[in-house]
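Each remark here refers to the structure printed beneath this line.
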Number of protein chains: 4
Amino acid sequence: MSFNTFGHMFRVTTFGESHGVAIGCVVDGCPPMIPLTEADIQQDLDRRRPGQSRFTTQRQEPDQVKILSGVMAHPETGVQVTTGTPIGLLIENTDQRSKDYSEIKDKFRPGHADFTYEAKYGLRDYRGGGRSSARETATRVAAGAIARKVLPDVKVRGALVQMGPHKIDRDKWDWDEIAKNPFFCPDKDKAAFFETYLDGIRKSGSSIGAVLEIVAEGVPAGLGAPIYAKLDSDLAGAMMTINAVKGVEIGAGFGAAELTGEENADEMRTGNDGTRFLSNHAGGILGGISTGQPVVVRFAVKPTSSILQPRRTVDRQGADTEIFTKGRHDPCVGIRAVPVGEAMMACVLADHFLRDRGQVG
Amino acid sequence: MSFNTFGHMFRVTTFGESHGVAIGCVVDGCPPMIPLTEADIQQDLDRRRPGQSRFTTQRQEPDQVKILSGVMAHPETGVQVTTGTPIGLLIENTDQRSKDYSEIKDKFRPGHADFTYEAKYGLRDYRGGGRSSARETATRVAAGAIARKVLPDVKVRGALVQMGPHKIDRDKWDWDEIAKNPFFCPDKDKAAFFETYLDGIRKSGSSIGAVLEIVAEGVPAGLGAPIYAKLDSDLAGAMMTINAVKGVEIGAGFGAAELTGEENADEMRTGNDGTRFLSNHAGGILGGISTGQPVVVRFAVKPTSSILQPRRTVDRQGADTEIFTKGRHDPCVGIRAVPVGEAMMACVLADHFLRDRGQVG
Amino acid sequence: MSFNTFGHMFRVTTFGESHGVAIGCVVDGCPPMIPLTEADIQQDLDRRRPGQSRFTTQRQEPDQVKILSGVMAHPETGVQVTTGTPIGLLIENTDQRSKDYSEIKDKFRPGHADFTYEAKYGLRDYRGGGRSSARETATRVAAGAIARKVLPDVKVRGALVQMGPHKIDRDKWDWDEIAKNPFFCPDKDKAAFFETYLDGIRKSGSSIGAVLEIVAEGVPAGLGAPIYAKLDSDLAGAMMTINAVKGVEIGAGFGAAELTGEENADEMRTGNDGTRFLSNHAGGILGGISTGQPVVVRFAVKPTSSILQPRRTVDRQGADTEIFTKGRHDPCVGIRAVPVGEAMMACVLADHFLRDRGQVG
Amino acid sequence: MSFNTFGHMFRVTTFGESHGVAIGCVVDGCPPMIPLTEADIQQDLDRRRPGQSRFTTQRQEPDQVKILSGVMAHPETGVQVTTGTPIGLLIENTDQRSKDYSEIKDKFRPGHADFTYEAKYGLRDYRGGGRSSARETATRVAAGAIARKVLPDVKVRGALVQMGPHKIDRDKWDWDEIAKNPFFCPDKDKAAFFETYLDGIRKSGSSIGAVLEIVAEGVPAGLGAPIYAKLDSDLAGAMMTINAVKGVEIGAGFGAAELTGEENADEMRTGNDGTRFLSNHAGGILGGISTGQPVVVRFAVKPTSSILQPRRTVDRQGADTEIFTKGRHDPCVGIRAVPVGEAMMACVLADHFLRDRGQVG
């Protein structure tokens, strides 16, 4: 039923709440003989980890991953490799600050899943967002690290390209800048601006949205399928599973609505390495199948609703009231979604790579 | 593997190419005892049918649907109802104009799936787009008509809200206008403008993109699930399976990136009928679960690449060449996507309704 | 949800009732470039077709299959091949004899699905068994014919090895005999005996059960997976979907319960073509994965309950009554299940072949 | 792809090897508000735990289960209940005796999955059977304990009904005896006999097969579905996923092959509580749907191939050699499969209960 599973051949099932014992996931269908250590995964987790700058929640979690199964030392080489059996991953929760939840427990925070969880299940884990906590995304990042190893020739990178109404200057795009600022921003100047801008948001107890872009280079032509297994459909669905995401677009995206057919269609020429496209409005996908060009996905992340300003709401008993969220929060949750978006891209591509190999050989 | 199936409990499997014998689908998992006739389905198909104005392809297809299985006359009432077994639907292809395909057969049309189909499968059905023809969407509309009957209290309607750079005036939104112009446009004045505008596009042999909006009213709170079965994720994936769609957004969508937390969060008050939201930036979905407000999805449709202007491309042998597409085409394929988007919305909601009833009761 | 779909990569979705317009199926995930004509499929359908001897129901159906989609003439060779897109198959119902169903309509036939369909759905298609008719199996046979083409080096054959209490003499097993008698019986002498035996059953208006054996030779080692995707699990599940099947076993099967570990384990030696097993108690599967030996499955088919002798039952209103089934029936439905079992074996193997290729390459 | 997942609405995904850090599973789709503690699960695990008599392997594992997620104290009652989100379960491996695996590491044990794992994946975890260890079944028993709570009115019990060629006397069936002997045997006298019989097997370093029967009482009529989601198909597939199982039958099973239609069909009368069947050859399932009678499944477990007698085999390099398995082993692995079979029955029923509620309401 895929309640908490995504993927078909490369399948990820996650579990865990923000304030439970641990979170984790099972990665199933991974090919055998792929070198894999905890350090490989930890590297990606560390990029997502909160509390690394004043611009993300101050929750301190080491996010130390343990591989519980699915790997062993290769009998000849001694290198730890995957065995083809399910890979269980565990990340313990350590900083479940025993704070006062009485405010949240009985009131529905506007913009949060509080109301809908109760409407569906009759109760909700109010501690730290429970299942809908951004913490769940750590398990995806861990799974994504494995997916990357399934596709060693594919390079998946992400960037923040807009914060609030402020877009980066795409002519200044420099991937090397990403690691040099706390925003995953590829435009050095804009990153400097965001520092001041987001400080203002943060200090006022407010929050702001963002747009991220994930790019996969080296994706072979032929991944995806015509109709309901379109690569772009699975990417859109995958990005939309990330908390707070409200929009997804491929290539020219919503901009394509404003283009004419002759502007939008990417012309082709034969180059030294086969077919060459003269532009990439398609974002690397035509008819649901990869073209061999970079796969480009953008998604919008709404501002977190956990803010210091009081908002009107109702409580569990149905009475009108007000609420404001004390404690640590992310002034721009979009920032930390960059490694998460990369992970989802990697997982979807790994899945389609295996599916394509299955059907077409 | 879901190559050509979507949904979990309410499942639709489609088949058929533009120029084969027939197209069709199997609707599986439909509850029993739902009154259903071919006329119920035909009504929706007729709204999608091409050739009804000069703004859609002139292919003439009656799109007459046949129910092959899954219904019977109720033993007591005599009313034809579903039996709970799979509903087979068939639509014969009649207007497979025997035109000259020699141009398309060996050249890849830029912006089409020609190149990627060949890259994946080694061959492609070049006649009328084959599997990637807009014709496939007729089967979804048929399935959607059944989905609507699963949710009789939910009203799913769609509209064209932008053509090229021209957006409608949302203050002039009038659902009654939709049926009065060939664009499904709810803004009477803009519809008049589009008539002239699209004529220009059409006569120049060009094409243009569009943005559509699908709204579902009467959706009960509680449909969807927290993580990988989020209602918005399934909606985004579903809309992105429609040909030519390049972007999807829910509620405030990409606009949410520009909002602060206090602007974006929908405040709540208790009304006569339970909880009332004071705005709907969420588009009816929080944490992946419906709030009870209207579910609002928008998606961008790129301009068709079948245009009369010559474009640079390569042929199957890898030689550089040029191509232009003769014959009937849609100046704005987005128009006909309105009933298709409605159908996908209806199918996703029906699926989640059954899944929710399964888990929660 | 797999209500009417089986398989993961090679997926078959069937629809249709005994007395509707048509039955059919969609075969999805089939690799491209496989030569396929209607005649290829018809050949297998003809083996299943009823009315070919006095030992099967006298219903006369040509069972003429039409391919609706998913194939085209190869652009270079002109040979009709699969395209990788879904293959729609249709078989029209022609002999829906307009008989009197008043007896069946209101009474539940013991041993039939009448009672359970009504218990679940509130109604049932009483005409000819509706969805639970043996007629549905024609679509599986059609799908199986395609599955065989996915695995051209695998030979799937089936035989009737027991009728009532009478088992064949396995020392007299001759595959060539299968086509020479109306029972698919590989033991010539026993086939002669069955002729008389089953005539007695038939004339007395009774029916009898049977055991069938399906053998797949040429299956490469490595198909299947350790736990929930075990090849034997999928085979058992698949055979048990055939109407009237009440038991399935692999290799030594229930006989293995009586063996010691040293008797049951198949010893190995290295031969000219790699590892050679000295016996095949495993039925070609160890730990859920194929060994390279013949895969051997047996299943038990119960006697049809449509018999001429009156049985006690209840009617839809809950009153005690009696019923006996007039009209054409199969004295031993197990006979016609041979091609069906072969088809299910072929489909499961094709599915696992593609899944294995996907994961392991 | 369901490599390590089973079920559709009530879904279980397991991971873990015999000698890794831990084994575990994720139970997804469980309804909310079900009271659930670790003690509830531990109770069932303790019944499966090895080392409780001299007739099961002497491996000592406390099999202490931890619930990692998916439960919380009900905000009003304080009772720990499920939340509707995925339930992560963990069982640490403690007794991974550091024994000498050099013998097994390079030789394929006849009757084990050694050969096939290597054939598929190129390597295998030779320590304690790796993924194919009986240890994996502990996670199913844990999941089954939760499934039982989804269906509080259904009673699932299992028994050993045959060991080697020795069948119990069904007239002496007494469920109360099950807990009184180490064999889960309902026939007191036969249990006494098994004590001597299995001691002989054990002392000679041999092993023996068994047949188990699982009975579910209180199953409502209407669970299951006509064709590929037949309740008996899912039960057969589920039982066949248990290690060493080689055959499955429902109700009269293979015995039905020997019956006539009039003997096999279960007649019906109207009783005080609705329809009453006069016999249960169907094993509680007709046409794939439950009748309301007890659901009866039997399965055959082969003898373990880990025995003290030397057997001919080959090594990883392809050379002929001999092997015998030292160390702890189960003389009759079938014994411990009783709680596992119960768990699989409970999981399949819970899954079908939720699926039926989803489709039919």
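Scheme for the structure tokens: letters A, B, ... for chains in order shown; per-chain residue numbers from 1; ligand numbers from 1 in order shown.
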
*From segment 4-232 of chain D, collect each residue whose DSSP state is strand (DSSP E or B) and return the set as a ChimeraX atom specification.*
/D:5-6,11-15,22-28,35,65-67,71-73,80-82,87-92,107,155-163,166-167,208,210-217,224

*asked:* Among segment 116-293 of chain B, which residues does DSSP mark as alpha helix (DSSP H) when it is run on the backbone? Keep the chain and numbering as in the structure and answer as a PyMOL selection string.
replied: chain B and resi 116-121+137-150+188-203+231-240+261-264

Keeping only N, CA and C atoms, write those residues as a tab-separated table (two decimals), in the first residue's frame.
```tsv
chain	number	residue	atom	x	y	z
B	116	THR	N	13.44	9.46	-26.97
B	116	THR	CA	13.59	8.68	-25.74
B	116	THR	C	12.98	7.28	-25.87
B	117	TYR	N	11.87	7.15	-26.60
B	117	TYR	CA	11.31	5.82	-26.83
B	117	TYR	C	12.34	4.93	-27.54
B	118	GLU	N	12.95	5.50	-28.55
B	118	GLU	CA	13.94	4.70	-29.29
B	118	GLU	C	15.15	4.38	-28.40
B	119	ALA	N	15.53	5.36	-27.59
B	119	ALA	CA	16.68	5.14	-26.71
B	119	ALA	C	16.39	4.00	-25.73
B	120	LYS	N	15.15	3.92	-25.31
B	120	LYS	CA	14.79	2.90	-24.33
B	120	LYS	C	14.47	1.56	-24.98
B	121	TYR	N	13.55	1.58	-25.92
B	121	TYR	CA	13.00	0.32	-26.43
B	121	TYR	C	13.63	-0.13	-27.74
B	137	THR	N	-5.29	9.58	-22.98
B	137	THR	CA	-5.99	10.23	-21.86
B	137	THR	C	-7.49	9.97	-21.88
B	138	ALA	N	-8.02	9.54	-23.02
B	138	ALA	CA	-9.45	9.21	-23.04
B	138	ALA	C	-9.77	8.12	-22.03
B	139	THR	N	-8.85	7.17	-21.89
B	139	THR	CA	-9.11	6.06	-20.97
B	139	THR	C	-9.11	6.54	-19.52
B	140	ARG	N	-8.31	7.55	-19.24
B	140	ARG	CA	-8.30	8.10	-17.88
B	140	ARG	C	-9.60	8.82	-17.58
B	141	VAL	N	-10.08	9.54	-18.59
B	141	VAL	CA	-11.34	10.26	-18.39
B	141	VAL	C	-12.46	9.26	-18.11
B	142	ALA	N	-12.42	8.14	-18.82
B	142	ALA	CA	-13.43	7.09	-18.59
B	142	ALA	C	-13.32	6.57	-17.17
B	143	ALA	N	-12.09	6.30	-16.72
B	143	ALA	CA	-11.89	5.81	-15.36
B	143	ALA	C	-12.32	6.87	-14.34
B	144	GLY	N	-12.02	8.10	-14.65
B	144	GLY	CA	-12.39	9.18	-13.75
B	144	GLY	C	-13.89	9.30	-13.56
B	145	ALA	N	-14.63	9.00	-14.63
B	145	ALA	CA	-16.09	9.06	-14.52
B	145	ALA	C	-16.59	8.05	-13.49
B	146	ILE	N	-15.92	6.90	-13.43
B	146	ILE	CA	-16.28	5.89	-12.42
B	146	ILE	C	-15.86	6.37	-11.03
B	147	ALA	N	-14.66	6.95	-10.97
B	147	ALA	CA	-14.18	7.45	-9.67
B	147	ALA	C	-15.14	8.48	-9.08
B	148	ARG	N	-15.70	9.32	-9.93
B	148	ARG	CA	-16.66	10.32	-9.44
B	148	ARG	C	-17.84	9.65	-8.76
B	149	LYS	N	-18.24	8.50	-9.29
B	149	LYS	CA	-19.41	7.82	-8.72
B	149	LYS	C	-19.08	7.15	-7.39
B	150	VAL	N	-17.80	6.90	-7.17
B	150	VAL	CA	-17.38	6.36	-5.88
B	150	VAL	C	-17.50	7.44	-4.80
B	188	LYS	N	-14.89	35.15	-18.36
B	188	LYS	CA	-15.56	35.41	-19.63
B	188	LYS	C	-14.75	36.33	-20.55
B	189	ASP	N	-14.22	37.40	-19.97
B	189	ASP	CA	-13.48	38.37	-20.77
B	189	ASP	C	-12.20	37.76	-21.32
B	190	LYS	N	-11.51	37.04	-20.46
B	190	LYS	CA	-10.26	36.44	-20.91
B	190	LYS	C	-10.55	35.40	-21.99
B	191	ALA	N	-11.66	34.69	-21.85
B	191	ALA	CA	-12.03	33.70	-22.87
B	191	ALA	C	-12.18	34.36	-24.23
B	192	ALA	N	-12.80	35.52	-24.24
B	192	ALA	CA	-12.96	36.26	-25.49
B	192	ALA	C	-11.59	36.62	-26.06
B	193	PHE	N	-10.71	37.06	-25.18
B	193	PHE	CA	-9.36	37.40	-25.60
B	193	PHE	C	-8.63	36.17	-26.17
B	194	PHE	N	-8.76	35.02	-25.47
B	194	PHE	CA	-8.07	33.81	-25.91
B	194	PHE	C	-8.49	33.40	-27.33
B	195	GLU	N	-9.75	33.67	-27.66
B	195	GLU	CA	-10.26	33.31	-28.98
B	195	GLU	C	-9.38	33.94	-30.07
B	196	THR	N	-9.14	35.22	-29.93
B	196	THR	CA	-8.29	35.93	-30.88
B	196	THR	C	-6.83	35.48	-30.76
B	197	TYR	N	-6.39	35.43	-29.52
B	197	TYR	CA	-4.99	35.12	-29.25
B	197	TYR	C	-4.61	33.75	-29.83
B	198	LEU	N	-5.43	32.76	-29.56
B	198	LEU	CA	-5.08	31.41	-29.98
B	198	LEU	C	-5.24	31.24	-31.49
B	199	ASP	N	-6.16	32.00	-32.06
B	199	ASP	CA	-6.27	31.98	-33.52
B	199	ASP	C	-4.96	32.43	-34.16
B	200	GLY	N	-4.37	33.44	-33.58
B	200	GLY	CA	-3.09	33.91	-34.09
B	200	GLY	C	-2.02	32.83	-34.00
B	201	ILE	N	-1.96	32.20	-32.87
B	201	ILE	CA	-1.00	31.11	-32.66
B	201	ILE	C	-1.24	30.01	-33.69
B	202	ARG	N	-2.49	29.63	-33.81
B	202	ARG	CA	-2.87	28.53	-34.69
B	202	ARG	C	-2.49	28.85	-36.14
B	203	LYS	N	-2.85	30.04	-36.57
B	203	LYS	CA	-2.62	30.38	-37.98
B	203	LYS	C	-1.14	30.49	-38.31
B	231	LEU	N	-1.47	12.70	0.19
B	231	LEU	CA	-2.44	13.01	-0.85
B	231	LEU	C	-1.82	13.93	-1.90
B	232	ASP	N	-1.05	14.92	-1.45
B	232	ASP	CA	-0.46	15.85	-2.42
B	232	ASP	C	0.62	15.17	-3.26
B	233	SER	N	1.31	14.22	-2.69
B	233	SER	CA	2.31	13.49	-3.47
B	233	SER	C	1.64	12.69	-4.58
B	234	ASP	N	0.56	12.01	-4.23
B	234	ASP	CA	-0.14	11.21	-5.24
B	234	ASP	C	-0.78	12.11	-6.30
B	235	LEU	N	-1.28	13.27	-5.87
B	235	LEU	CA	-1.86	14.20	-6.85
B	235	LEU	C	-0.77	14.73	-7.79
B	236	ALA	N	0.36	15.10	-7.22
B	236	ALA	CA	1.45	15.63	-8.06
B	236	ALA	C	1.91	14.56	-9.05
B	237	GLY	N	2.12	13.35	-8.54
B	237	GLY	CA	2.54	12.26	-9.43
B	237	GLY	C	1.50	12.01	-10.51
B	238	ALA	N	0.23	12.05	-10.13
B	238	ALA	CA	-0.85	11.77	-11.09
B	238	ALA	C	-0.92	12.84	-12.18
B	239	MET	N	-0.85	14.09	-11.79
B	239	MET	CA	-0.95	15.15	-12.80
B	239	MET	C	0.26	15.09	-13.73
B	240	MET	N	1.41	14.75	-13.16
B	240	MET	CA	2.63	14.72	-13.95
B	240	MET	C	2.64	13.54	-14.93
B	261	GLY	N	5.80	32.75	7.40
B	261	GLY	CA	5.02	31.75	8.12
B	261	GLY	C	3.67	32.26	8.55
B	262	GLU	N	3.62	33.52	8.98
B	262	GLU	CA	2.33	34.04	9.45
B	262	GLU	C	1.37	34.32	8.30
B	263	GLU	N	1.90	34.63	7.13
B	263	GLU	CA	1.04	34.83	5.97
B	263	GLU	C	0.50	33.50	5.44
B	264	ASN	N	1.34	32.49	5.48
B	264	ASN	CA	1.02	31.24	4.80
B	264	ASN	C	0.09	30.33	5.61
```

*Considering only C-alpha atoms, extract the chain D residues located within 7 Å of chain A and return them as number ranges by chain.*
D: 1, 3-4, 8-9, 15-17, 20-22, 28-29, 32, 68-70, 72, 83-84, 86-88, 121, 123-125

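Near Gly209 of chain A, within 7 Å and counting only C-alpha atoms, sit Met163, Gly164, Val301, Lys302, Pro303, Cys332 and Gly334 of chain A; Ala256, Ala257, Glu258, Leu259 and Thr260 of chain B, not including residues fewer than 4 positions from it in the same chain.
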
*Write out as a PyMOL selection string the residues lying within 9 Å of segment 266-276 of chain C, counting only C-alpha atoms and excluding same-chain residues fewer than 3 positions away.*
(chain C and resi 262-263+279-282+292-293) or (chain D and resi 108-111+311-314+318-321)

Can I get the selection written as a PDB file, in the first residue's frame, with N, CA and C atoms?
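Writing done, so here's out_14.pdb:
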```
ATOM      1  N   GLU C 262      18.954 -36.574   5.446  1.00  0.00           N
ATOM      2  CA  GLU C 262      19.904 -37.158   4.479  1.00  0.00           C
ATOM      3  C   GLU C 262      19.187 -37.676   3.227  1.00  0.00           C
ATOM      4  N   GLU C 263      17.960 -38.107   3.379  1.00  0.00           N
ATOM      5  CA  GLU C 263      17.199 -38.537   2.198  1.00  0.00           C
ATOM      6  C   GLU C 263      16.780 -37.342   1.339  1.00  0.00           C
ATOM      7  N   SER C 279      19.812 -35.507  -7.284  1.00  0.00           N
ATOM      8  CA  SER C 279      18.364 -35.752  -7.158  1.00  0.00           C
ATOM      9  C   SER C 279      17.685 -34.391  -7.177  1.00  0.00           C
ATOM     10  N   ASN C 280      16.360 -34.381  -7.139  1.00  0.00           N
ATOM     11  CA  ASN C 280      15.657 -33.095  -7.206  1.00  0.00           C
ATOM     12  C   ASN C 280      14.454 -33.064  -6.264  1.00  0.00           C
ATOM     13  N   HIS C 281      14.708 -33.441  -5.011  1.00  0.00           N
ATOM     14  CA  HIS C 281      13.633 -33.315  -4.024  1.00  0.00           C
ATOM     15  C   HIS C 281      13.214 -31.869  -3.860  1.00  0.00           C
ATOM     16  N   ALA C 282      14.147 -30.979  -4.118  1.00  0.00           N
ATOM     17  CA  ALA C 282      13.883 -29.547  -3.931  1.00  0.00           C
ATOM     18  C   ALA C 282      12.932 -29.004  -4.985  1.00  0.00           C
ATOM     19  N   GLY C 292      18.597 -24.233 -11.050  1.00  0.00           N
ATOM     20  CA  GLY C 292      19.012 -24.605 -12.400  1.00  0.00           C
ATOM     21  C   GLY C 292      18.436 -25.969 -12.788  1.00  0.00           C
ATOM     22  N   GLN C 293      17.961 -26.717 -11.801  1.00  0.00           N
ATOM     23  CA  GLN C 293      17.259 -27.977 -12.097  1.00  0.00           C
ATOM     24  C   GLN C 293      15.829 -27.661 -12.539  1.00  0.00           C
TER      25      GLN C 293
ATOM     26  N   PHE D 108      29.060 -25.732  -0.380  1.00  0.00           N
ATOM     27  CA  PHE D 108      27.608 -25.566  -0.433  1.00  0.00           C
ATOM     28  C   PHE D 108      26.943 -26.730   0.290  1.00  0.00           C
ATOM     29  N   ARG D 109      26.198 -26.442   1.333  1.00  0.00           N
ATOM     30  CA  ARG D 109      25.485 -27.519   2.022  1.00  0.00           C
ATOM     31  C   ARG D 109      24.297 -27.994   1.181  1.00  0.00           C
ATOM     32  N   PRO D 110      24.238 -29.275   0.859  1.00  0.00           N
ATOM     33  CA  PRO D 110      23.077 -29.782   0.102  1.00  0.00           C
ATOM     34  C   PRO D 110      21.787 -29.487   0.861  1.00  0.00           C
ATOM     35  N   GLY D 111      20.786 -29.059   0.135  1.00  0.00           N
ATOM     36  CA  GLY D 111      19.503 -28.768   0.763  1.00  0.00           C
ATOM     37  C   GLY D 111      19.413 -27.385   1.348  1.00  0.00           C
ATOM     38  N   ARG D 311      27.713 -35.540   3.462  1.00  0.00           N
ATOM     39  CA  ARG D 311      27.010 -35.564   2.183  1.00  0.00           C
ATOM     40  C   ARG D 311      27.955 -35.071   1.093  1.00  0.00           C
ATOM     41  N   ARG D 312      27.716 -35.585  -0.116  1.00  0.00           N
ATOM     42  CA  ARG D 312      28.543 -35.160  -1.240  1.00  0.00           C
ATOM     43  C   ARG D 312      28.133 -33.760  -1.694  1.00  0.00           C
ATOM     44  N   THR D 313      29.085 -32.941  -1.998  1.00  0.00           N
ATOM     45  CA  THR D 313      28.773 -31.601  -2.483  1.00  0.00           C
ATOM     46  C   THR D 313      29.940 -31.058  -3.295  1.00  0.00           C
ATOM     47  N   VAL D 314      29.866 -29.780  -3.657  1.00  0.00           N
ATOM     48  CA  VAL D 314      30.959 -29.114  -4.361  1.00  0.00           C
ATOM     49  C   VAL D 314      31.339 -27.869  -3.558  1.00  0.00           C
ATOM     50  N   GLY D 318      34.270 -25.196  -7.352  1.00  0.00           N
ATOM     51  CA  GLY D 318      33.740 -26.182  -8.285  1.00  0.00           C
ATOM     52  C   GLY D 318      34.308 -27.575  -8.105  1.00  0.00           C
ATOM     53  N   ALA D 319      35.090 -27.773  -7.055  1.00  0.00           N
ATOM     54  CA  ALA D 319      35.657 -29.110  -6.831  1.00  0.00           C
ATOM     55  C   ALA D 319      34.696 -29.977  -6.018  1.00  0.00           C
ATOM     56  N   ASP D 320      34.660 -31.255  -6.353  1.00  0.00           N
ATOM     57  CA  ASP D 320      33.844 -32.193  -5.589  1.00  0.00           C
ATOM     58  C   ASP D 320      34.422 -32.348  -4.186  1.00  0.00           C
ATOM     59  N   THR D 321      33.539 -32.457  -3.208  1.00  0.00           N
ATOM     60  CA  THR D 321      34.005 -32.600  -1.830  1.00  0.00           C
ATOM     61  C   THR D 321      32.870 -33.202  -0.992  1.00  0.00           C
TER      62      THR D 321
END
```

*Between atom CA of Gln64 of chain C and atom CA of Ala39 of chain C - distance in Å to one decimal*: 9.6 Å

_Give me, as an MDAnalysis selection string, all polymer residues having an atom no more than 7 Å from Gly284 of chain C, counting only C-alpha atoms and skipping those fewer than 5 positions away in the same chain._
chainID C and resid 290:296

Write the residues of the selection above to a file with N, CA, C and O atoms, as a PDB file, in the first residue's frame.
```
ATOM      1  N   SER C 290      15.917 -20.395  -7.667  1.00  0.00           N
ATOM      2  CA  SER C 290      16.049 -21.546  -8.563  1.00  0.00           C
ATOM      3  C   SER C 290      17.481 -22.091  -8.566  1.00  0.00           C
ATOM      4  O   SER C 290      18.449 -21.340  -8.478  1.00  0.00           O
ATOM      5  N   THR C 291      17.565 -23.423  -8.677  1.00  0.00           N
ATOM      6  CA  THR C 291      18.870 -24.098  -8.637  1.00  0.00           C
ATOM      7  C   THR C 291      19.435 -24.358 -10.028  1.00  0.00           C
ATOM      8  O   THR C 291      20.603 -24.700 -10.170  1.00  0.00           O
ATOM      9  N   GLY C 292      18.597 -24.233 -11.050  1.00  0.00           N
ATOM     10  CA  GLY C 292      19.012 -24.605 -12.400  1.00  0.00           C
ATOM     11  C   GLY C 292      18.436 -25.969 -12.788  1.00  0.00           C
ATOM     12  O   GLY C 292      18.407 -26.331 -13.964  1.00  0.00           O
ATOM     13  N   GLN C 293      17.961 -26.717 -11.801  1.00  0.00           N
ATOM     14  CA  GLN C 293      17.259 -27.977 -12.097  1.00  0.00           C
ATOM     15  C   GLN C 293      15.829 -27.661 -12.539  1.00  0.00           C
ATOM     16  O   GLN C 293      15.352 -26.534 -12.354  1.00  0.00           O
ATOM     17  N   PRO C 294      15.144 -28.664 -13.087  1.00  0.00           N
ATOM     18  CA  PRO C 294      13.740 -28.423 -13.446  1.00  0.00           C
ATOM     19  C   PRO C 294      12.919 -27.955 -12.241  1.00  0.00           C
ATOM     20  O   PRO C 294      13.063 -28.501 -11.147  1.00  0.00           O
ATOM     21  N   VAL C 295      12.101 -26.952 -12.452  1.00  0.00           N
ATOM     22  CA  VAL C 295      11.184 -26.484 -11.410  1.00  0.00           C
ATOM     23  C   VAL C 295       9.919 -27.329 -11.515  1.00  0.00           C
ATOM     24  O   VAL C 295       9.305 -27.400 -12.586  1.00  0.00           O
ATOM     25  N   VAL C 296       9.553 -27.966 -10.415  1.00  0.00           N
ATOM     26  CA  VAL C 296       8.454 -28.935 -10.423  1.00  0.00           C
ATOM     27  C   VAL C 296       7.391 -28.534  -9.415  1.00  0.00           C
ATOM     28  O   VAL C 296       7.665 -28.441  -8.219  1.00  0.00           O
TER      29      VAL C 296
END
```
